[in-house]
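A.B. asks: One file is attached below, model_13.txt, containing compact mmCIF, C-alpha atoms.
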```
# COMPACT_ATOMS: atom_id res chain seq x y z
CA MET W 237 74.94 76.37 173.80
CA ALA W 238 73.30 76.62 170.38
CA ALA W 239 70.58 74.22 171.58
CA ARG W 240 69.81 76.37 174.67
CA ASP W 241 69.63 79.52 172.51
CA ALA W 242 67.32 77.81 170.05
CA GLY W 243 65.12 76.65 172.93
CA THR W 244 64.66 80.18 174.24
CA ARG W 245 63.52 81.57 170.89
CA ARG W 246 59.91 81.71 169.90
CA PRO W 247 58.84 79.04 167.38
CA GLY W 248 57.72 81.68 164.92
CA ALA W 249 61.14 83.33 164.98
CA VAL W 250 62.86 80.00 164.47
CA HIS W 251 60.65 79.22 161.50
CA ARG W 252 61.12 82.67 160.06
CA LEU W 253 64.91 82.97 160.49
CA GLY W 254 66.01 79.34 160.79
CA ALA W 255 69.72 78.72 161.14
CA ASP W 256 72.18 81.55 160.63
CA PRO W 257 71.78 82.20 156.86
CA VAL W 258 75.07 84.09 156.51
CA LYS W 259 76.91 81.20 158.16
CA ALA W 260 75.51 78.83 155.56
CA LEU W 261 76.56 81.23 152.80
CA LEU W 262 80.03 81.48 154.35
CA HIS W 263 80.34 77.71 154.27
CA ARG W 264 79.24 77.59 150.65
CA HIS W 265 81.76 80.26 149.57
CA ARG W 266 84.49 79.45 152.07
CA ASP W 267 87.37 79.53 149.58
CA LEU W 268 86.29 82.90 148.19
CA CYS W 269 86.02 84.48 151.65
CA GLU W 270 89.33 83.08 152.94
CA ARG W 271 91.40 84.30 150.02
CA ALA W 272 89.66 87.67 149.60
CA VAL W 273 91.79 90.71 150.40
CA ASP W 274 88.81 92.99 150.97
CA PRO W 275 84.98 92.91 150.98
CA LEU W 276 84.86 94.21 147.40
CA GLU W 277 86.40 90.98 146.13
CA ILE W 278 83.75 88.95 147.98
CA ALA W 279 80.99 91.16 146.56
CA ALA W 280 82.28 90.61 143.05
CA GLY W 281 82.53 86.86 143.62
CA LEU W 282 79.00 86.68 144.99
CA GLU W 283 77.67 88.53 141.97
CA ALA W 284 79.53 86.14 139.69
CA HIS W 285 77.68 83.29 141.44
CA GLY W 286 74.31 84.93 140.72
CA ILE W 287 73.66 86.62 144.08
CA THR W 288 71.91 89.96 143.57
CA ASP W 289 70.78 92.76 145.87
CA ARG W 290 67.36 91.11 146.07
CA THR W 291 69.01 87.89 147.21
CA ALA W 292 70.97 89.84 149.82
CA ASN W 293 67.68 91.07 151.29
CA ARG W 294 66.86 87.49 152.26
CA PHE W 295 70.05 87.52 154.34
CA ARG W 296 68.86 90.71 156.10
CA HIS W 297 71.19 92.98 154.15
CA ARG W 298 70.23 95.89 151.92
CA ASP W 299 72.69 94.98 149.13
CA VAL W 300 75.45 92.58 148.12
CA PHE W 301 78.18 94.95 149.32
CA SER W 302 76.79 95.03 152.87
CA LEU W 303 76.47 91.23 152.85
CA ALA W 304 80.06 90.91 151.62
CA GLU W 305 81.31 93.12 154.45
CA GLU W 306 79.75 90.81 157.04
CA MET W 307 81.10 87.72 155.31
CA TYR W 308 84.58 89.26 155.18
CA ALA W 309 84.46 90.13 158.86
CA ARG W 310 83.30 86.63 159.87
CA ALA W 311 85.51 84.60 157.54
CA PRO W 312 88.35 82.69 159.29
CA ARG W 313 91.81 83.87 158.30
CA GLY W 314 95.41 83.01 158.88
CA ALA W 315 97.99 85.32 160.36
CA ASP W 316 99.16 86.52 156.95
CA THR W 317 95.72 87.61 155.75
CA PRO W 318 94.95 91.34 155.95
CA ALA W 319 92.48 92.36 158.61
CA ALA W 320 89.09 93.70 157.61
CA PRO W 321 89.28 97.38 156.76
CA GLY W 322 87.39 99.75 158.98
CA THR W 323 86.02 101.68 156.06
CA ARG W 324 85.15 100.72 152.55
CA GLY W 325 87.72 101.71 149.96
CA PRO W 326 89.87 100.42 147.15
CA SER W 327 92.15 98.43 149.45
CA ALA W 328 93.05 96.08 146.61
CA ASP W 329 95.27 98.82 145.24
CA SER W 330 97.29 98.85 148.45
CA ASP W 331 97.49 95.08 148.83
CA HIS W 332 98.54 94.55 145.22
CA PRO W 333 101.21 96.95 144.02
CA ALA W 334 100.30 98.63 140.77
CA PRO W 335 102.28 97.46 137.76
CA PRO W 336 104.98 99.88 136.59
CA ARG W 337 103.34 102.03 133.95
CA ALA W 338 106.62 102.91 132.26
CA ALA W 339 106.91 99.41 130.74
CA TRP W 340 103.58 99.23 128.96
CA ALA W 341 103.48 102.98 128.31
CA VAL W 342 106.69 102.76 126.27
CA LEU W 343 105.73 99.48 124.61
CA SER W 344 102.39 100.97 123.51
CA LEU W 345 104.28 103.50 121.36
CA LEU W 346 106.51 100.93 119.71
CA PRO W 347 104.06 99.48 117.11
CA GLY W 348 103.24 102.91 115.70
CA LEU W 349 106.87 103.96 115.50
CA LEU W 350 107.94 100.74 113.77
CA CYS W 351 105.04 100.95 111.32
CA ALA W 352 105.91 104.56 110.47
CA ALA W 353 109.52 103.52 109.88
CA THR W 354 108.35 100.65 107.64
CA VAL W 355 106.12 102.92 105.57
CA ALA W 356 108.98 105.38 105.18
CA GLY W 357 111.25 102.52 104.08
CA LEU W 358 108.71 101.39 101.50
CA ARG W 359 108.60 104.90 100.05
CA LEU W 360 112.40 104.99 99.71
CA THR W 361 113.06 101.51 98.27
CA GLN W 362 112.34 99.66 95.05
CA GLY W 363 112.14 96.08 93.79
CA GLN W 364 113.39 93.27 95.98
CA LEU W 365 114.60 95.64 98.67
CA ARG W 366 111.05 96.99 99.01
CA LEU W 367 109.71 93.44 99.44
CA CYS W 368 112.30 92.71 102.14
CA THR W 369 111.42 95.98 103.87
CA ALA W 370 107.72 95.12 103.82
CA VAL W 371 108.21 91.61 105.22
CA GLY W 372 110.71 92.69 107.88
CA GLY W 373 108.62 95.67 108.90
CA ALA W 374 105.45 93.59 109.16
CA LEU W 375 107.18 91.05 111.41
CA ALA W 376 108.63 93.81 113.59
CA VAL W 377 105.22 95.48 113.97
CA LEU W 378 103.54 92.18 114.86
CA LEU W 379 106.13 91.43 117.51
CA ALA W 380 105.81 94.94 118.92
CA LEU W 381 102.01 94.61 119.07
CA ARG W 382 102.32 91.29 120.84
CA ALA W 383 104.72 92.75 123.39
CA ALA W 384 102.49 95.80 123.98
CA LEU W 385 99.34 93.72 124.47
CA ARG W 386 100.98 91.23 126.81
CA ARG W 387 101.36 93.90 129.50
CA GLY W 388 99.17 96.51 131.09
CA PRO W 389 95.41 96.98 131.02
CA LEU W 390 94.77 95.14 127.71
CA ARG W 391 96.64 92.01 128.73
CA SER W 392 94.82 88.74 128.08
CA THR W 393 96.14 85.30 128.94
CA ASP W 394 93.60 83.44 126.81
CA ASP W 395 93.24 85.06 123.41
CA HIS W 396 93.47 83.24 120.07
CA THR W 397 92.17 85.88 117.68
CA GLY W 398 95.50 87.01 116.24
CA LEU W 399 94.84 85.47 112.83
CA TRP W 400 91.52 87.28 112.40
CA VAL W 401 92.97 90.58 113.62
CA CYS W 402 95.76 90.28 111.03
CA TRP W 403 93.19 89.54 108.32
CA LEU W 404 91.08 92.58 109.23
CA ALA W 405 94.13 94.85 109.30
CA ALA W 406 95.40 93.46 105.98
CA TYR W 407 91.97 94.00 104.43
CA ALA W 408 92.07 97.64 105.56
CA ALA W 409 95.16 98.09 103.36
CA LEU W 410 94.49 95.69 100.48
CA GLY W 411 90.81 94.78 100.53
CA ASP W 412 89.24 97.87 98.99
CA GLY W 413 91.75 97.89 96.12
CA LEU W 414 91.18 94.20 95.41
CA LEU W 415 87.42 94.63 95.53
CA ASP W 416 87.52 97.59 93.17
CA ALA W 417 89.89 95.78 90.81
CA ALA W 418 87.71 92.66 90.85
CA LEU W 419 84.68 94.68 89.80
CA GLY W 420 86.66 95.86 86.77
CA GLY W 421 87.73 92.36 85.79
CA GLY W 422 91.12 92.39 87.57
CA PRO W 423 93.42 92.41 89.27
CA ASP W 424 96.07 92.04 86.57
CA GLY W 425 98.99 91.69 88.99
CA LEU W 426 100.15 91.65 92.57
CA PRO W 427 100.10 94.78 94.73
CA THR W 428 103.08 97.07 94.18
CA GLY W 429 102.39 99.35 97.14
CA ALA W 430 101.13 102.17 94.93
CA ALA W 431 97.61 103.55 94.91
CA ASP W 432 97.50 103.56 91.10
CA GLY W 433 98.80 100.00 90.56
CA PRO W 434 96.85 97.00 89.23
CA TRP W 435 95.98 96.16 92.83
CA PRO W 436 95.69 99.52 94.64
CA VAL W 437 96.96 99.72 98.21
CA THR W 438 95.61 102.04 100.90
CA VAL W 439 98.47 102.63 103.34
CA ALA W 440 97.11 105.27 105.74
CA PRO W 441 94.83 102.97 107.83
CA VAL W 442 97.71 100.70 108.86
CA PRO W 443 99.97 103.25 110.60
CA ALA W 444 96.90 104.91 112.10
CA LEU W 445 95.68 101.63 113.61
CA THR W 446 99.09 100.62 114.92
CA ALA W 447 99.71 104.06 116.41
CA ALA W 448 96.25 103.82 118.02
CA CYS W 449 97.62 101.02 120.20
CA ALA W 450 98.86 103.68 122.63
CA PRO W 451 95.54 105.53 123.11
CA ALA W 452 93.72 102.18 123.27
CA ILE W 453 95.90 101.02 126.16
CA TRP W 454 95.58 104.32 128.00
CA CYS W 455 91.81 104.43 127.47
CA ALA W 456 91.55 100.88 128.83
CA HIS W 457 93.64 101.94 131.83
CA LEU W 458 91.34 104.88 132.52
CA PHE W 459 88.28 102.63 132.26
CA THR W 460 89.74 99.97 134.57
CA THR W 461 90.84 102.38 137.27
CA GLY W 462 87.63 104.38 137.01
CA ALA W 463 85.48 101.26 137.32
CA ARG W 464 87.46 100.15 140.38
CA ARG W 465 86.81 103.49 142.05
CA LYS W 466 83.12 103.16 141.26
CA LEU W 467 83.19 99.68 142.78
CA ALA W 468 84.61 101.10 146.01
CA THR W 469 81.95 103.81 146.35
CA SER W 470 78.81 102.05 145.05
CA ARG W 471 76.24 100.68 147.47
CA GLY W 472 74.50 98.27 145.12
CA LEU W 473 74.97 96.31 141.92
CA LYS W 474 72.49 98.40 139.97
CA GLU W 475 74.13 101.60 141.18
CA PHE W 476 77.53 100.28 140.13
CA ALA W 477 76.31 99.24 136.66
CA ALA W 478 74.62 102.60 136.12
CA SER W 479 77.80 104.47 137.05
CA VAL W 480 80.16 102.33 134.94
CA ARG W 481 78.10 102.31 131.75
CA PRO W 482 78.77 106.00 130.86
CA LEU W 483 82.43 105.39 131.69
CA LEU W 484 82.52 102.52 129.19
CA PHE W 485 80.90 104.53 126.40
CA GLY W 486 83.13 107.49 127.16
CA THR W 487 86.15 105.23 126.78
CA PHE W 488 85.10 104.32 123.25
CA VAL W 489 84.35 107.93 122.32
CA LEU W 490 87.78 109.01 123.58
CA PHE W 491 89.54 106.23 121.67
CA LEU W 492 87.65 106.85 118.43
CA GLY W 493 88.48 110.55 118.66
CA ALA W 494 92.18 109.72 119.01
CA LEU W 495 91.98 107.22 116.12
CA ALA W 496 90.25 109.79 113.88
CA ALA W 497 93.01 112.31 114.63
CA LEU W 498 95.71 109.74 113.82
CA LEU W 499 93.96 108.78 110.59
CA THR W 500 93.73 112.43 109.58
CA LEU W 501 97.44 112.86 110.27
CA THR W 502 98.54 109.74 108.37
CA GLY W 503 96.27 110.56 105.45
CA ALA W 504 97.72 114.05 105.19
CA VAL W 505 101.32 112.81 105.40
CA LEU W 506 100.79 110.02 102.85
CA GLY W 507 98.57 112.05 100.56
CA GLU W 508 95.58 109.67 100.86
CA GLU W 509 91.93 110.33 101.52
CA PRO W 510 91.12 109.16 105.08
CA ALA W 511 88.64 106.28 105.09
CA TYR W 512 86.94 107.25 108.34
CA PRO W 513 83.93 104.86 108.39
CA GLU W 514 85.80 101.61 107.81
CA VAL W 515 88.82 102.47 109.99
CA LEU W 516 86.76 103.79 112.91
CA THR W 517 84.45 100.77 112.87
CA LEU W 518 87.46 98.45 112.72
CA GLY W 519 89.10 100.31 115.61
CA ALA W 520 85.94 100.10 117.70
CA LEU W 521 85.66 96.38 116.95
CA LEU W 522 89.27 95.68 117.94
CA LEU W 523 89.06 97.73 121.15
CA ALA W 524 85.81 96.08 122.23
CA ALA W 525 87.22 92.62 121.54
CA ARG W 526 90.44 93.27 123.44
CA LEU W 527 88.73 94.98 126.37
CA LEU W 528 86.41 92.02 126.82
CA ALA W 529 89.27 89.53 126.51
CA ALA W 530 91.32 91.46 129.07
CA HIS W 531 88.49 91.02 131.58
CA GLY W 532 88.15 87.31 130.93
CA PHE W 533 85.39 87.26 128.29
CA VAL W 534 87.10 85.65 125.31
CA ARG W 535 84.40 83.62 123.58
CA ALA W 536 82.23 86.43 122.20
CA PRO W 537 85.20 88.45 120.79
CA ALA W 538 86.54 85.35 119.05
CA LEU W 539 83.17 84.58 117.45
CA VAL W 540 82.52 88.17 116.33
CA LEU W 541 86.03 88.70 114.91
CA THR W 542 85.73 85.43 113.03
CA ALA W 543 82.35 86.47 111.66
CA ALA W 544 83.65 89.89 110.54
CA ALA W 545 86.66 88.37 108.78
CA ALA W 546 84.43 85.73 107.18
CA ALA W 547 82.04 88.41 105.91
CA GLU W 548 84.87 90.27 104.18
CA ALA W 549 86.27 87.05 102.71
CA THR W 550 82.80 86.01 101.53
CA ALA W 551 82.29 89.31 99.73
CA LEU W 552 85.54 88.82 97.78
CA ALA W 553 84.77 85.17 97.12
CA CYS W 554 81.33 86.01 95.75
CA LEU W 555 82.80 88.49 93.25
CA PHE W 556 85.31 85.97 91.91
CA ALA W 557 82.80 83.12 92.00
CA GLY W 558 80.43 85.23 89.90
CA ARG W 559 82.85 84.88 86.99
CA LEU W 560 82.18 81.16 86.79
CA PRO W 561 79.51 79.86 84.40
CA HIS W 562 75.98 80.09 85.81
CA CYS W 563 77.27 81.70 89.05
CA GLY W 564 76.70 85.33 88.12
CA PRO W 565 73.92 85.88 90.71
CA LEU W 566 76.40 85.27 93.53
CA ALA W 567 78.11 88.59 92.82
CA ILE W 568 74.94 90.69 92.52
CA PRO W 569 74.54 91.64 96.23
CA VAL W 570 78.18 92.69 96.56
CA GLU W 571 78.12 94.61 93.26
CA ALA W 572 74.97 96.44 94.33
CA LEU W 573 76.47 97.36 97.70
CA VAL W 574 79.76 98.57 96.24
CA THR W 575 78.01 100.48 93.45
CA ALA W 576 75.79 102.30 95.92
CA TRP W 577 78.27 102.98 98.73
CA GLY W 578 81.76 102.24 97.41
CA PRO W 579 84.28 99.47 98.22
CA GLY W 580 84.63 100.66 101.81
CA SER W 581 81.01 99.72 102.53
CA VAL W 582 81.92 96.02 102.86
CA PRO W 583 84.40 96.37 105.76
CA THR W 584 82.31 99.15 107.28
CA ALA W 585 79.24 96.92 107.40
CA ALA W 586 81.14 93.86 108.64
CA CYS W 587 83.19 95.65 111.31
CA GLY W 588 80.39 98.04 112.28
CA ALA W 589 77.95 95.22 112.95
CA GLY W 590 80.57 93.34 114.94
CA ALA W 591 81.49 96.44 116.95
CA LEU W 592 77.85 97.06 117.87
CA VAL W 593 77.42 93.46 118.99
CA LEU W 594 80.54 93.53 121.15
CA LEU W 595 79.74 96.97 122.55
CA GLY W 596 76.32 95.71 123.64
CA HIS W 597 77.96 92.63 125.13
CA ALA W 598 80.50 94.81 126.94
CA ALA W 599 77.72 97.02 128.30
CA ARG W 600 76.30 93.93 130.01
CA ARG W 601 79.51 92.16 131.03
CA LEU W 602 81.87 94.99 131.94
CA THR W 603 79.30 96.77 134.10
CA ARG W 604 79.24 93.84 136.52
CA ALA W 605 81.27 94.01 139.71
CA SER W 606 82.73 90.55 139.06
CA ALA W 607 84.49 91.86 135.92
CA HIS W 608 86.59 94.18 138.09
CA ALA W 609 87.31 91.91 141.02
CA ARG W 610 91.06 91.75 140.50
CA PRO W 611 93.57 94.55 139.98
CA GLU W 612 94.79 95.46 136.56
CA PRO W 613 97.15 92.76 135.28
CA GLY W 614 100.79 93.45 135.73
CA PRO W 615 103.66 93.00 133.27
```
When written as structure tokens, how does the structure in this file appear?

C.D. replies:
Amino acid sequence: MAARDAGTRRPGAVHRLGADPVKALLHRHRDLCERAVDPLEIAAGLEAHGITDRTANRFRHRDVFSLAEEMYARAPRGADTPAAPGTRGPSADSDHPAPPRAAWAVLSLLPGLLCAATVAGLRLTQGQLRLCTAVGGALAVLLALRAALRRGPLRSTDDHTGLWVCWLAAYAALGDGLLDAALGGGPDGLPTGAADGPWPVTVAPVPALTAACAPAIWCAHLFTTGARRKLATSRGLKEFAASVRPLLFGTFVLFLGALAALLTLTGAVLGEEPAYPEVLTLGALLLAARLLAAHGFVRAPALVLTAAAAAEATALACLFAGRLPHCGPLAIPVEALVTAWGPGSVPTAACGAGALVLLGHAARRLTRASAHARPEPGP
């Protein structure tokens, strides 16, 4: 039959069109088409394989979404596979039940509450009891953070940056005091938890950052659901990217506003001056890293978080190394930076640079349809 049809066509048409191009593409991406629950998933998979709207034109389609609809309609399916929808829409939300929000909504509040309780305990205890309270509270907060980030929109199954996140958070509380004390020839003792001790401690950033876990998760949820709606209504990859990019930046603005409000509140309650630049840059860095990891991009966040932690550690190491004979020049750049802008300039520069890098990376990666192919991870 195919031979008779080919014989009736004009030679020029055969040369121009050749064999059915969509059929060849179906064969090449057979697994993707057979397991897809809607055309949007095929469109995202095609984009992940490098097929653009311009490529779709060679298959006689105006964009990747139109090509994906034909591939979905022509793909062979078993009896248990959903039929092709008559209209385009976010059918993935109906085929995959949304995860219960109550679980991760409650868990997102737990780190902030436990950290607030720990800070209150530190203010009411002394001596060995204070040390036990600090250790127990830190472990409880870490476990609560792990539980909160293992569910919901910021869930990542392949993330190994916990050590660097702990370092950056610890530096927010202890780093500035150690840096300031090192410039004066100290520190003369271990941190006591007081702002006027030999190793001053800044407490306000820690409860603000842990409490910001809740707005971070909700902002990520708004971004994920908003991007999925854009995916269902867009008619091209460029149109989708252009519509998601403002949504991504708006997510960061919303989160940073919530973090600034929390920092203002914790600073007022604890009687400390809010360190807005270093805490906001750290918050932006952590959100960008986790948002990328939650969508499957784990390499860049790991590298940038490692670099930011290494920059802070290097600054401290240079100050202490400058005390050695003939090593004084090592401390000059850090001393000049701290003298001009204060101790907070070191984490602000390290985290700010990392946040900008990851935000630029997210603007390229998270505005692709393939980053939103699957529904938001469940619990």

A.B. asks: With 8 Å of padding per side, what axis-aligned box (centre and edge lengths, Å, one decimal) covers all the listed atoms of range 474-477 of chain W? Give it as lines of an AutoDock Vina configuration file.

C.D. replies:
```
center_x = 75.0
center_y = 100.0
center_z = 138.9
size_x = 21.0
size_y = 19.2
size_z = 20.5
```

A.B. asks: Rounded to one decimal, what separation in Å do you get between CA of Ala452 in chain W and CA of Leu349 in chain W?

C.D. replies: 15.4 Å

A.B. asks: Quote the spacing between CA of Gly596 in chain W and CA of Ile453 in chain W in Å to one decimal place.

C.D. replies: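 Those two atoms sit 20.4 Å apart.
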
A.B. asks: Using all atoms listed in the file, pick whichever of W:Leu399, W:Asp416, W:Ala406, W:Val342 has the shortest atom-to-atom distance to Ala380 in chain W.

C.D. replies: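 Of the candidates, the smallest distance to Ala380 in chain W is held by W:Val342.
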
A.B. asks: Using only C-alpha atoms, can you tell me which of W:Ala496, W:Gly486, W:Val480, W:Gly411 comes closest to Ala553 in chain W?

C.D. replies: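 Closest to Ala553 in chain W of all the choices is W:Gly411.
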
A.B. asks: Compare W:Thr502, W:Ser606, W:Ser344, W:Thr575 by their minimum atom-to-atom distance to Arg387 in chain W, counting all atoms listed in the file, and give me the closest one.

C.D. replies: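 Result for the nearest residue to Arg387 in chain W: W:Ser344.
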
A.B. asks: Go through W:Trp435, W:Val377, W:Pro389, W:Leu522 and flag the residue nearest Thr354 in chain W, using all atoms listed in the file for the distances.

C.D. replies: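 Using all atoms listed in the file, the shortest distance to Thr354 in chain W belongs to W:Val377.
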
A.B. asks: Quick one: distance from CA of Ala456 in chain W to CA of Cys402 in chain W in Å, one decimal?

C.D. replies: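 So the answer is 21.1 Å.
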
A.B. asks: Considering only C-alpha atoms, give me a table of residues in range 393-421 of chain W that are at most 7 Å from range 529-546 of chain W, with the closest atom pair and distance in Å for each, as a Markdown table.

C.D. replies:
```
| residue | atom | partner | partner_atom | distance |
| --- | --- | --- | --- | --- |
| W:Asp395 | CA | W:Val534 | CA | 6.5 |
| W:Thr397 | CA | W:Ala538 | CA | 5.8 |
| W:Trp400 | CA | W:Thr542 | CA | 6.1 |
| W:Trp403 | CA | W:Ala545 | CA | 6.6 |
| W:Leu404 | CA | W:Ala545 | CA | 6.1 |
```

A.B. asks: W:Val300, W:Ala409, W:Ala591, W:Val439: which is nearest Arg359 in chain W, counting all atoms listed in the file?

C.D. replies: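 The shortest atom-to-atom distance to Arg359 in chain W comes from W:Val439.
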
A.B. asks: Give me, as number ranges by chain, all polymer residues having an atom no more than 7 Å from Pro583 in chain W, counting only C-alpha atoms and skipping those fewer than 3 positions away in the same chain.

C.D. replies: W: 514, 548, 580, 586-587

A.B. asks: If you keep C-alpha atoms, can you produce a file of those selected residues as an mmCIF file, in the coordinates of the input?

C.D. replies:
```
data_model
loop_
_atom_site.group_PDB
_atom_site.id
_atom_site.type_symbol
_atom_site.label_atom_id
_atom_site.label_comp_id
_atom_site.auth_asym_id
_atom_site.auth_seq_id
_atom_site.Cartn_x
_atom_site.Cartn_y
_atom_site.Cartn_z
ATOM 1 C CA GLU W 514 85.800 101.610 107.810
ATOM 2 C CA GLU W 548 84.870 90.270 104.180
ATOM 3 C CA GLY W 580 84.630 100.660 101.810
ATOM 4 C CA ALA W 586 81.140 93.860 108.640
ATOM 5 C CA CYS W 587 83.190 95.650 111.310
#
```

A.B. asks: Measuring between only C-alpha atoms, which one of W:Leu385, W:Val570, W:Ile278, W:Ala440 shows the shortest distance to Ala356 in chain W?

C.D. replies: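 Closest candidate: W:Ala440.
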
A.B. asks: Residues within 12 Å of Glu571 in chain W, please, as a PDB file with C-alpha atoms, in the coordinates of the input. Count only C-alpha atoms; anything in the same chain fewer than 2 positions from it doesn't count.

C.D. replies:
```pdb
ATOM      1  CA  LEU W 415      87.420  94.630  95.530  1.00  0.00           C
ATOM      2  CA  ASP W 416      87.520  97.590  93.170  1.00  0.00           C
ATOM      3  CA  ALA W 418      87.710  92.660  90.850  1.00  0.00           C
ATOM      4  CA  LEU W 419      84.680  94.680  89.800  1.00  0.00           C
ATOM      5  CA  GLY W 420      86.660  95.860  86.770  1.00  0.00           C
ATOM      6  CA  ALA W 551      82.290  89.310  99.730  1.00  0.00           C
ATOM      7  CA  LEU W 552      85.540  88.820  97.780  1.00  0.00           C
ATOM      8  CA  CYS W 554      81.330  86.010  95.750  1.00  0.00           C
ATOM      9  CA  LEU W 555      82.800  88.490  93.250  1.00  0.00           C
ATOM     10  CA  PHE W 556      85.310  85.970  91.910  1.00  0.00           C
ATOM     11  CA  GLY W 558      80.430  85.230  89.900  1.00  0.00           C
ATOM     12  CA  GLY W 564      76.700  85.330  88.120  1.00  0.00           C
ATOM     13  CA  PRO W 565      73.920  85.880  90.710  1.00  0.00           C
ATOM     14  CA  LEU W 566      76.400  85.270  93.530  1.00  0.00           C
ATOM     15  CA  ALA W 567      78.110  88.590  92.820  1.00  0.00           C
ATOM     16  CA  ILE W 568      74.940  90.690  92.520  1.00  0.00           C
ATOM     17  CA  PRO W 569      74.540  91.640  96.230  1.00  0.00           C
ATOM     18  CA  LEU W 573      76.470  97.360  97.700  1.00  0.00           C
ATOM     19  CA  VAL W 574      79.760  98.570  96.240  1.00  0.00           C
ATOM     20  CA  THR W 575      78.010 100.480  93.450  1.00  0.00           C
ATOM     21  CA  ALA W 576      75.790 102.300  95.920  1.00  0.00           C
ATOM     22  CA  TRP W 577      78.270 102.980  98.730  1.00  0.00           C
ATOM     23  CA  GLY W 578      81.760 102.240  97.410  1.00  0.00           C
ATOM     24  CA  PRO W 579      84.280  99.470  98.220  1.00  0.00           C
ATOM     25  CA  SER W 581      81.010  99.720 102.530  1.00  0.00           C
ATOM     26  CA  VAL W 582      81.920  96.020 102.860  1.00  0.00           C
TER      27      VAL W 582
END
```

A.B. asks: Just give me the residues with any atom within 8 Å of (100.0, 104.4, 117.1), file coordinates, counting only C-alpha atoms, written as a PyMOL selection string.

C.D. replies: chain W and resi 344-349+443-451+498

A.B. asks: Excluding Ala478 in chain W and its own-chain neighbours fewer than 6 positions away, which residues fall within 12 Å of it when counting all atoms listed in the file? Please give them as a PDB file with C-alpha atoms, keeping the file's coordinate frame.

C.D. replies:
```pdb
ATOM      1  CA  ALA W 463      85.480 101.260 137.320  1.00  0.00           C
ATOM      2  CA  LYS W 466      83.120 103.160 141.260  1.00  0.00           C
ATOM      3  CA  LEU W 467      83.190  99.680 142.780  1.00  0.00           C
ATOM      4  CA  SER W 470      78.810 102.050 145.050  1.00  0.00           C
ATOM      5  CA  ARG W 471      76.240 100.680 147.470  1.00  0.00           C
ATOM      6  CA  GLY W 472      74.500  98.270 145.120  1.00  0.00           C
ATOM      7  CA  LEU W 484      82.520 102.520 129.190  1.00  0.00           C
ATOM      8  CA  PHE W 485      80.900 104.530 126.400  1.00  0.00           C
ATOM      9  CA  ALA W 599      77.720  97.020 128.300  1.00  0.00           C
ATOM     10  CA  ARG W 600      76.300  93.930 130.010  1.00  0.00           C
ATOM     11  CA  LEU W 602      81.870  94.990 131.940  1.00  0.00           C
ATOM     12  CA  THR W 603      79.300  96.770 134.100  1.00  0.00           C
ATOM     13  CA  ARG W 604      79.240  93.840 136.520  1.00  0.00           C
ATOM     14  CA  ALA W 605      81.270  94.010 139.710  1.00  0.00           C
TER      15      ALA W 605
END
```
